[in-house]
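The file start-v3.txt contains compact mmCIF, C-alpha atoms:
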```
# COMPACT_ATOMS: atom_id res chain seq x y z
CA MET X 230 -52.10 -14.80 -7.26
CA ASN X 231 -52.70 -11.31 -8.65
CA LEU X 232 -50.05 -9.28 -10.48
CA PRO X 233 -48.93 -7.14 -7.52
CA GLY X 234 -48.47 -10.30 -5.46
CA LYS X 235 -46.43 -11.95 -8.20
CA LEU X 236 -44.25 -8.87 -8.51
CA ALA X 237 -43.69 -8.83 -4.76
CA VAL X 238 -42.65 -12.49 -4.77
CA ALA X 239 -40.32 -11.87 -7.72
CA ALA X 240 -38.76 -8.93 -5.92
CA VAL X 241 -38.16 -11.02 -2.80
CA ILE X 242 -36.56 -13.79 -4.88
CA ALA X 243 -34.39 -11.31 -6.78
CA ALA X 244 -33.29 -9.71 -3.52
CA GLY X 245 -32.43 -13.12 -2.09
CA VAL X 246 -30.43 -14.14 -5.15
CA GLY X 247 -28.67 -10.76 -5.17
CA GLY X 248 -27.86 -11.10 -1.49
CA LEU X 249 -26.41 -14.58 -1.96
CA ALA X 250 -24.35 -13.40 -4.94
CA PHE X 251 -23.05 -10.45 -2.92
CA TRP X 252 -22.12 -12.71 -0.01
CA TYR X 253 -20.32 -15.12 -2.33
CA LEU X 254 -18.42 -12.43 -4.22
CA THR X 255 -17.31 -10.64 -1.06
CA GLU X 256 -16.06 -13.72 0.78
CA PRO X 257 -12.56 -12.99 2.18
CA ALA X 258 -10.10 -15.07 0.14
CA ARG X 259 -7.01 -16.57 1.77
CA ILE X 260 -3.74 -17.63 0.16
CA ASP X 261 -3.89 -20.95 -1.63
CA ALA X 262 -1.80 -24.05 -0.92
CA GLU X 263 0.69 -23.23 -3.68
CA THR X 264 1.39 -19.77 -2.28
CA GLU X 265 1.68 -21.16 1.24
CA ALA X 266 4.27 -23.67 0.02
CA LEU X 267 6.33 -20.85 -1.52
CA LEU X 268 6.59 -19.01 1.78
CA GLY X 269 9.39 -21.22 3.07
CA SER X 270 11.00 -20.68 6.45
CA GLY X 271 11.97 -17.03 5.94
CA ASP X 272 15.28 -15.27 6.47
CA ALA X 273 15.44 -12.29 8.84
CA GLU X 274 18.51 -10.75 7.20
CA ARG X 275 16.83 -10.64 3.81
CA GLY X 276 13.63 -9.52 5.50
CA GLU X 277 15.22 -6.34 6.81
CA ARG X 278 15.61 -5.13 3.22
CA ILE X 279 11.91 -5.71 2.59
CA PHE X 280 11.05 -3.99 5.88
CA TRP X 281 12.75 -0.77 4.79
CA ALA X 282 11.43 -1.04 1.23
CA GLY X 283 7.92 -1.42 2.64
CA GLY X 284 8.23 1.65 4.85
CA CYS X 285 6.63 -0.02 7.86
CA THR X 286 7.99 2.63 10.22
CA SER X 287 6.30 5.48 8.34
CA CYS X 288 2.89 4.57 9.73
CA HIS X 289 3.55 2.18 12.58
CA ALA X 290 6.30 3.93 14.55
CA LYS X 291 5.60 6.99 16.64
CA PRO X 292 5.95 10.20 14.61
CA LYS X 293 9.45 11.69 14.52
CA SER X 294 11.00 8.57 16.02
CA GLU X 295 14.74 8.23 15.55
CA GLY X 296 17.26 5.42 15.89
CA GLU X 297 16.07 2.22 17.55
CA ALA X 298 12.74 3.87 18.41
CA ARG X 299 11.80 3.52 14.74
CA LEU X 300 11.62 -0.23 15.32
CA GLN X 301 9.02 0.10 18.08
CA LEU X 302 5.96 -0.41 15.93
CA VAL X 303 3.29 0.62 18.41
CA GLY X 304 1.08 2.33 15.79
CA GLY X 305 -1.29 5.20 16.43
CA VAL X 306 -0.65 7.38 13.37
CA GLN X 307 -3.98 8.74 12.11
CA LEU X 308 -4.98 9.05 8.47
CA LYS X 309 -7.96 11.37 8.06
CA THR X 310 -9.68 10.77 4.72
CA GLN X 311 -13.00 11.41 3.01
CA PHE X 312 -14.09 7.95 4.15
CA GLY X 313 -13.26 8.51 7.81
CA THR X 314 -10.24 8.32 10.09
CA PHE X 315 -8.00 5.28 9.94
CA VAL X 316 -5.46 4.54 12.67
CA ALA X 317 -2.30 2.50 12.07
CA PRO X 318 -2.41 -0.48 14.45
CA ASN X 319 0.26 -1.83 16.75
CA ILE X 320 2.26 -4.36 14.67
CA SER X 321 4.97 -4.97 17.25
CA GLN X 322 5.60 -8.44 18.66
CA ASP X 323 3.33 -7.85 21.64
CA ALA X 324 1.05 -10.89 21.74
CA ASN X 325 -1.95 -8.98 23.08
CA ASP X 326 -1.81 -5.56 21.43
CA GLY X 327 0.34 -6.33 18.40
CA ILE X 328 0.92 -9.26 16.05
CA GLY X 329 3.19 -11.35 18.25
CA GLY X 330 0.66 -14.16 18.21
CA TRP X 331 0.33 -14.31 14.44
CA SER X 332 1.54 -17.30 12.47
CA GLN X 333 3.46 -16.92 9.23
CA GLU X 334 0.29 -17.83 7.36
CA ASP X 335 -1.68 -15.14 9.25
CA PHE X 336 0.94 -12.60 8.20
CA ALA X 337 0.90 -13.73 4.56
CA ASN X 338 -2.90 -13.54 4.40
CA ALA X 339 -2.78 -9.98 5.72
CA MET X 340 -0.06 -8.88 3.30
CA LEU X 341 -1.14 -10.67 0.14
CA LYS X 342 -4.91 -10.88 0.59
CA GLY X 343 -5.82 -8.12 3.02
CA VAL X 344 -7.48 -10.63 5.35
CA SER X 345 -7.14 -10.69 9.13
CA PRO X 346 -6.43 -13.82 11.22
CA SER X 347 -10.12 -13.81 12.16
CA GLY X 348 -11.10 -13.89 8.48
CA ASP X 349 -12.24 -10.28 8.03
CA HIS X 350 -11.31 -7.89 5.24
CA TYR X 351 -8.80 -5.21 6.13
CA TYR X 352 -9.51 -1.69 4.95
CA PRO X 353 -7.20 -0.65 2.10
CA ALA X 354 -5.64 2.11 4.17
CA PHE X 355 -3.35 -0.86 4.79
CA PRO X 356 -1.76 -0.93 1.31
CA TYR X 357 -2.28 -4.60 0.51
CA ALA X 358 -3.41 -3.62 -2.98
CA SER X 359 0.33 -3.11 -3.58
CA TYR X 360 1.60 -5.83 -1.28
CA ALA X 361 -0.50 -8.32 -3.28
CA ARG X 362 2.24 -8.07 -5.95
CA MET X 363 4.94 -9.24 -3.54
CA ARG X 364 6.72 -12.57 -3.84
CA PRO X 365 5.62 -15.02 -1.11
CA GLU X 366 9.24 -15.66 -0.14
CA ASP X 367 9.75 -11.93 0.49
CA VAL X 368 6.68 -11.94 2.73
CA SER X 369 8.10 -14.82 4.77
CA ASP X 370 11.48 -13.05 5.00
CA LEU X 371 9.71 -9.93 6.26
CA TYR X 372 7.83 -12.01 8.82
CA ALA X 373 11.12 -13.49 10.03
CA PHE X 374 12.60 -10.00 10.47
CA MET X 375 9.50 -8.70 12.23
CA LYS X 376 9.89 -11.52 14.77
CA THR X 377 13.24 -9.99 15.79
CA LEU X 378 11.69 -6.61 16.68
CA PRO X 379 10.61 -5.59 20.19
CA ALA X 380 7.21 -6.20 21.69
CA VAL X 381 5.57 -2.92 22.68
CA ALA X 382 2.36 -2.86 24.68
CA GLY X 383 -0.42 -0.43 23.82
CA ARG X 384 -3.42 -0.78 21.58
CA ALA X 385 -4.01 1.93 18.99
CA PRO X 386 -7.43 3.67 18.98
CA ASP X 387 -10.13 2.30 16.73
CA ARG X 388 -10.84 3.81 13.32
CA THR X 389 -13.84 6.11 12.92
CA LEU X 390 -15.92 5.50 9.79
CA SER X 391 -19.43 6.43 8.76
CA PHE X 392 -21.93 4.15 6.96
CA PRO X 393 -21.62 2.59 4.39
CA PHE X 394 -17.82 2.56 4.79
CA SER X 395 -18.22 0.96 8.21
CA PHE X 396 -19.73 -2.12 6.46
CA ARG X 397 -16.54 -4.14 6.14
CA ARG X 398 -17.95 -6.95 4.00
CA GLY X 399 -18.38 -4.59 1.06
CA ILE X 400 -14.59 -4.31 0.79
CA GLY X 401 -14.74 -7.65 -0.99
CA LEU X 402 -16.24 -5.91 -4.02
CA TRP X 403 -13.56 -3.21 -3.85
CA LYS X 404 -10.91 -5.93 -3.92
CA LEU X 405 -12.41 -7.46 -7.05
CA LEU X 406 -11.96 -4.12 -8.79
CA TYR X 407 -8.59 -3.00 -7.49
CA VAL X 408 -6.49 -5.84 -6.08
CA SER X 409 -4.38 -7.88 -8.49
CA GLU X 410 -1.09 -9.78 -8.45
CA ASP X 411 -0.25 -8.50 -11.93
CA PRO X 412 2.27 -5.68 -12.47
CA VAL X 413 0.76 -2.31 -13.28
CA ILE X 414 3.21 -1.47 -16.05
CA ALA X 415 3.79 -4.18 -18.63
CA MET X 416 7.39 -4.51 -19.74
CA ALA X 417 8.59 -5.82 -23.09
CA GLU X 418 10.64 -8.97 -23.36
CA GLY X 419 14.29 -8.13 -22.89
CA THR X 420 13.67 -5.30 -20.42
CA PRO X 421 16.83 -4.85 -18.30
CA GLU X 422 16.80 -6.70 -15.00
CA ASN X 423 17.33 -3.52 -12.97
CA VAL X 424 14.16 -1.99 -14.46
CA LEU X 425 12.20 -5.13 -13.55
CA LEU X 426 13.64 -5.01 -10.04
CA GLY X 427 12.64 -1.37 -9.78
CA ARG X 428 9.12 -2.21 -10.94
CA TYR X 429 8.87 -4.85 -8.23
CA LEU X 430 10.13 -2.54 -5.49
CA VAL X 431 7.94 0.40 -6.52
CA GLU X 432 4.73 -1.46 -7.37
CA GLY X 433 5.01 -4.08 -4.62
CA PRO X 434 6.63 -3.54 -1.22
CA GLY X 435 7.39 0.14 -1.81
CA HIS X 436 3.68 0.80 -2.57
CA CYS X 437 4.61 4.15 -4.15
CA GLY X 438 1.44 4.21 -6.24
CA GLU X 439 -0.72 4.36 -3.13
CA CYS X 440 0.16 8.04 -2.72
CA HIS X 441 1.50 9.11 -6.12
CA THR X 442 -1.47 7.87 -8.20
CA PRO X 443 -4.87 9.62 -8.34
CA ARG X 444 -7.87 7.68 -7.09
CA SER X 445 -11.39 7.11 -8.27
CA ILE X 446 -14.45 8.15 -6.28
CA THR X 447 -14.43 4.69 -4.70
CA GLY X 448 -10.84 5.06 -3.54
CA GLY X 449 -9.14 2.77 -6.05
CA ALA X 450 -5.95 3.74 -7.85
CA ASP X 451 -6.48 5.04 -11.40
CA LYS X 452 -3.84 2.89 -13.07
CA GLY X 453 -4.25 4.83 -16.32
CA GLN X 454 -2.55 7.71 -14.48
CA TRP X 455 0.00 5.61 -12.67
CA LEU X 456 2.40 7.73 -10.57
CA ALA X 457 1.12 10.97 -12.12
CA GLY X 458 0.63 12.59 -8.72
CA ALA X 459 -2.54 13.01 -6.71
CA VAL X 460 -4.39 15.09 -4.18
CA ALA X 461 -3.16 14.09 -0.75
CA ALA X 462 -5.43 11.77 1.20
CA GLU X 463 -5.32 14.31 4.02
CA GLY X 464 -5.75 18.06 3.72
CA THR X 465 -5.46 20.04 0.51
CA GLY X 466 -1.87 19.32 -0.48
CA VAL X 467 -0.70 17.28 -3.45
CA ILE X 468 1.63 14.35 -3.91
CA PRO X 469 3.95 15.06 -6.87
CA ASN X 470 4.00 13.52 -10.31
CA VAL X 471 6.98 11.14 -10.48
CA THR X 472 6.68 10.26 -14.16
CA SER X 473 8.64 12.14 -16.82
CA GLY X 474 5.47 13.86 -18.03
CA GLU X 475 4.66 17.56 -17.80
CA GLY X 476 4.95 18.66 -14.19
CA GLY X 477 6.90 15.54 -13.29
CA ILE X 478 10.55 14.62 -12.97
CA GLY X 479 11.44 14.50 -16.65
CA GLY X 480 14.40 16.79 -16.02
CA TRP X 481 15.89 14.41 -13.46
CA SER X 482 18.40 11.79 -14.52
CA GLU X 483 18.47 8.30 -13.05
CA GLY X 484 21.44 9.43 -11.00
CA ASP X 485 19.45 12.44 -9.71
CA ILE X 486 16.62 10.18 -8.58
CA ALA X 487 18.90 7.66 -6.90
CA SER X 488 20.78 10.48 -5.13
CA PHE X 489 17.53 12.02 -3.90
CA LEU X 490 16.41 8.67 -2.50
CA GLU X 491 19.72 8.34 -0.65
CA THR X 492 20.30 11.89 0.57
CA GLY X 493 16.93 13.64 0.49
CA PHE X 494 18.26 16.44 -1.72
CA THR X 495 16.85 17.29 -5.15
CA PRO X 496 19.07 18.21 -8.12
CA ASP X 497 18.40 21.87 -7.18
CA PHE X 498 19.59 21.17 -3.61
CA ASP X 499 16.11 21.55 -2.17
CA SER X 500 15.40 19.08 0.63
CA VAL X 501 12.71 16.44 0.88
CA GLY X 502 9.60 17.53 2.75
CA GLY X 503 6.20 16.42 3.99
CA SER X 504 5.34 12.75 4.29
CA MET X 505 8.18 11.91 1.90
CA VAL X 506 10.69 12.63 4.68
CA GLU X 507 9.97 9.31 6.38
CA VAL X 508 9.77 7.46 3.06
CA GLN X 509 13.18 8.75 1.98
CA LYS X 510 14.71 7.75 5.32
CA ASN X 511 13.47 4.22 4.75
CA ILE X 512 14.69 3.98 1.15
CA ALA X 513 18.09 5.30 2.23
CA GLN X 514 18.47 1.99 4.10
CA LEU X 515 18.37 0.03 0.83
CA THR X 516 21.39 -0.81 -1.28
CA PRO X 517 22.66 1.52 -4.02
CA ASP X 518 21.61 -1.12 -6.55
CA ASP X 519 18.03 -1.07 -5.22
CA ARG X 520 17.85 2.72 -5.41
CA ALA X 521 19.32 2.67 -8.92
CA ALA X 522 16.70 0.11 -9.93
CA ILE X 523 13.88 2.30 -8.59
CA ALA X 524 15.30 5.22 -10.57
CA ALA X 525 15.55 3.16 -13.76
CA TYR X 526 11.93 2.05 -13.41
CA LEU X 527 10.64 5.57 -12.80
CA LYS X 528 12.36 6.72 -16.00
CA ALA X 529 10.73 3.81 -17.86
CA VAL X 530 7.17 4.51 -16.63
CA PRO X 531 4.89 6.04 -19.30
CA GLN X 532 4.85 9.82 -19.13
CA ARG X 533 1.69 11.36 -17.69
CA PRO X 534 0.65 14.97 -17.06
CA ASN X 535 -0.10 15.87 -13.46
CA GLY X 536 -2.88 13.72 -12.08
CA TYR X 537 -4.24 16.42 -9.80
CA PRO X 538 -5.93 19.79 -10.51
CA ALA X 539 -3.63 22.78 -10.87
CA ARG X 540 -3.30 24.71 -7.63
CA GLN X 541 -4.82 28.16 -7.63
CA PRO X 542 -2.44 31.15 -7.39
CA SER X 543 -2.19 32.89 -4.04
CA GLY X 544 -5.11 35.23 -3.49
CA GLY X 545 -6.95 33.75 -6.48
```
Could the structure of this file be written out as structure tokens, please?
Amino acid sequence: MNLPGKLAVAAVIAAGVGGLAFWYLTEPARIDAETEALLGSGDAERGERIFWAGGCTSCHAKPKSEGEARLQLVGGVQLKTQFGTFVAPNISQDANDGIGGWSQEDFANAMLKGVSPSGDHYYPAFPYASYARMRPEDVSDLYAFMKTLPAVAGRAPDRTLSFPFSFRRGIGLWKLLYVSEDPVIAMAEGTPENVLLGRYLVEGPGHCGECHTPRSITGGADKGQWLAGAVAAEGTGVIPNVTSGEGGIGGWSEGDIASFLETGFTPDFDSVGGSMVEVQKNIAQLTPDDRAAIAAYLKAVPQRPNGYPARQPSGG
């Protein structure tokens, strides 16, 4: 065989090996037997706390829903990003259009691994990169609470993505880079329990870093700028810096933060706005101890300057 022929054969072999390696590395991973055993039977009363901490209504209830309507998780909220338009699905207990037919294990795989009951990767518009840090027992409690919510018929529209983002298998590589069970911020031995609780609520179910942390070109959170603020996924607005760094909330006390999370009013008596309105309404459902823990953690997070470009002055 001449040299060009040998090179062609080598290229085919290399492509085959590369393809097999890609397929292996991107295989959707499910929870293991140990995690499944930790799920337990779940407790709906405890699960309600996780439901509000997780902010499920912010994306899955109809916009501007109030009262009991916030528990009708029919989906439909659109998130228009540089990768395409994602649509929050129906996660009500409807067996056809929602997740009423899911088992506890199906639910845990979605939350902790970002994998659907059919074995496909979910897109990370569903914030499982944060939920991966949740305790299995909290996931089972949340599942138990979700089972008490109403079934609402109606299938949300499909997402609209362009190639290569429409190639779902590639998300497996994204997960290798950005999904981990480990806490983002390491805490020293002897760290107060309320700070550790706050870390869990913020980094796990609360998924605060999904909006408040800048992202790389591939859409992963830049953990070196954790909670430093970011350009909004939609439009040209910004999500504020919630560290104590320059441009952040360094002038706020823990009490100020906890009060804001409960009432929606800043220390200057300005009111919460934008997408944070729904988030604050959810966190207001938590206990005072939970809100105090979130505040204590935010004050313990390393200070960072704003993680987004300075906005240009009007007319500039």
Among X:Leu456, X:Ile446, X:Ala290, X:Ala324, X:Val306 is approached most closely, using only C-alpha atoms, by X:Ala290
Residue among X:Gly401, X:Gln322, X:Ala358, X:Tyr429 lying closest to X:Lys376, counting all atoms listed in the file: X:Gln322
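Residues surrounding X:Tyr351 within 8 Å are Ala339, Gly343, Val344, Ser345, Asp349, Pro353, Phe355, Arg397 and Ile400 of chain X [all atoms listed in the file; sequence separation below 2 positions excluded].
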If you count all atoms listed in the file, which residues fall within 12 Å of stretch 296-298 of chain X, apart from same-chain ones fewer than 3 positions away, as a PyMOL selection string? chain X and resi 286+289-293+301-303+321+378-381+510-511
Writer output for current selection, C-alpha atoms, as a JSON list (two decimals), in the coordinates of the input:
```
[["chain", "number", "residue", "atom", "x", "y", "z"],
["X", 286, "THR", "CA", 7.99, 2.63, 10.22],
["X", 289, "HIS", "CA", 3.55, 2.18, 12.58],
["X", 290, "ALA", "CA", 6.30, 3.93, 14.55],
["X", 291, "LYS", "CA", 5.60, 6.99, 16.64],
["X", 292, "PRO", "CA", 5.95, 10.20, 14.61],
["X", 293, "LYS", "CA", 9.45, 11.69, 14.52],
["X", 301, "GLN", "CA", 9.02, 0.10, 18.08],
["X", 302, "LEU", "CA", 5.96, -0.41, 15.93],
["X", 303, "VAL", "CA", 3.29, 0.62, 18.41],
["X", 321, "SER", "CA", 4.97, -4.97, 17.25],
["X", 378, "LEU", "CA", 11.69, -6.61, 16.68],
["X", 379, "PRO", "CA", 10.61, -5.59, 20.19],
["X", 380, "ALA", "CA", 7.21, -6.20, 21.69],
["X", 381, "VAL", "CA", 5.57, -2.92, 22.68],
["X", 510, "LYS", "CA", 14.71, 7.75, 5.32],
["X", 511, "ASN", "CA", 13.47, 4.22, 4.75]]
```
Sorted by chain and rising residue number, which residues of stretch 416-463 of chain X lie within 9 Å of stretch 523-535 of chain X, and what are their closest atom pairs and distances in Å to one decimal, counting only C-alpha atoms, as a Markdown table?
```
| residue | atom | partner | partner_atom | distance |
| --- | --- | --- | --- | --- |
| X:Asn423 | CA | X:Ala525 | CA | 7.0 |
| X:Val424 | CA | X:Tyr526 | CA | 4.7 |
| X:Leu425 | CA | X:Tyr526 | CA | 7.2 |
| X:Leu426 | CA | X:Ile523 | CA | 7.5 |
| X:Gly427 | CA | X:Ile523 | CA | 4.1 |
| X:Arg428 | CA | X:Tyr526 | CA | 5.7 |
| X:Tyr429 | CA | X:Ile523 | CA | 8.7 |
| X:Leu430 | CA | X:Ile523 | CA | 6.9 |
| X:Val431 | CA | X:Ile523 | CA | 6.6 |
| X:Gly453 | CA | X:Arg533 | CA | 8.9 |
| X:Gln454 | CA | X:Arg533 | CA | 6.5 |
| X:Trp455 | CA | X:Arg533 | CA | 7.8 |
| X:Leu456 | CA | X:Arg533 | CA | 8.0 |
| X:Ala457 | CA | X:Asn535 | CA | 5.2 |
| X:Gly458 | CA | X:Asn535 | CA | 5.8 |
| X:Ala459 | CA | X:Asn535 | CA | 7.7 |
```
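A straight line drawn from atom CA of X:Pro443 to atom CA of X:Phe312 is 15.6 Å long.
Atom CA of X:Thr492 is found 13.3 Å from atom CA of X:Ala521.
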Considering all atoms listed in the file, return as number ranges by chain whatever protein or nucleic-acid residues lie within 6 Å of X:Gly276, sequence-local ones (same chain, fewer than 5 positions apart) excluded. X: 370-371, 374
Neighbourhood query: residues within 9 Å of (6.9, 9.1, 0.8), file coordinates, counting all atoms listed in the file; return as a PyMOL selection string. chain X and resi 284+287+437+440-441+468+503-509
Given all atoms listed in the file as the basis, pick out the residue of X:Val316, X:Gly304, X:Arg259, X:Ala382 nearest to X:Ser347. X:Arg259
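Between atom CA of X:Ala373 and atom CA of X:Pro318 lies a distance of 19.3 Å.
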Quick one: residues within 9 Å of X:Gly383, only C-alpha atoms counted, chain neighbours fewer than 4 positions away excluded, as a list in words? Val303, Gly304, Asn319, Asp323, Asn325, Asp326 and Gly327 of chain X
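Of the listed residues (X:Ala354, X:Leu308, X:Leu490, X:Ala417), X:Ala354 comes nearest to X:Gly449; the distances count only C-alpha atoms.
Each of X:Thr472, X:Gln514, X:Ser482, X:Thr255 was compared to X:Gly536 using only C-alpha atoms, and X:Thr472 turns out to be the nearest.
The shortest atom-to-atom distance to X:Asp519, with only C-alpha atoms taken into account, belongs to X:Ser488 out of X:Ser294, X:Asn338, X:Thr314, X:Ser488.
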At a cut-off of 6 Å around the point (4.5, -14.3, 14.3) (file coordinates), what residues fall inside when counting all atoms listed in the file? I'd like the answer as a ChimeraX atom specification. /X:329-333
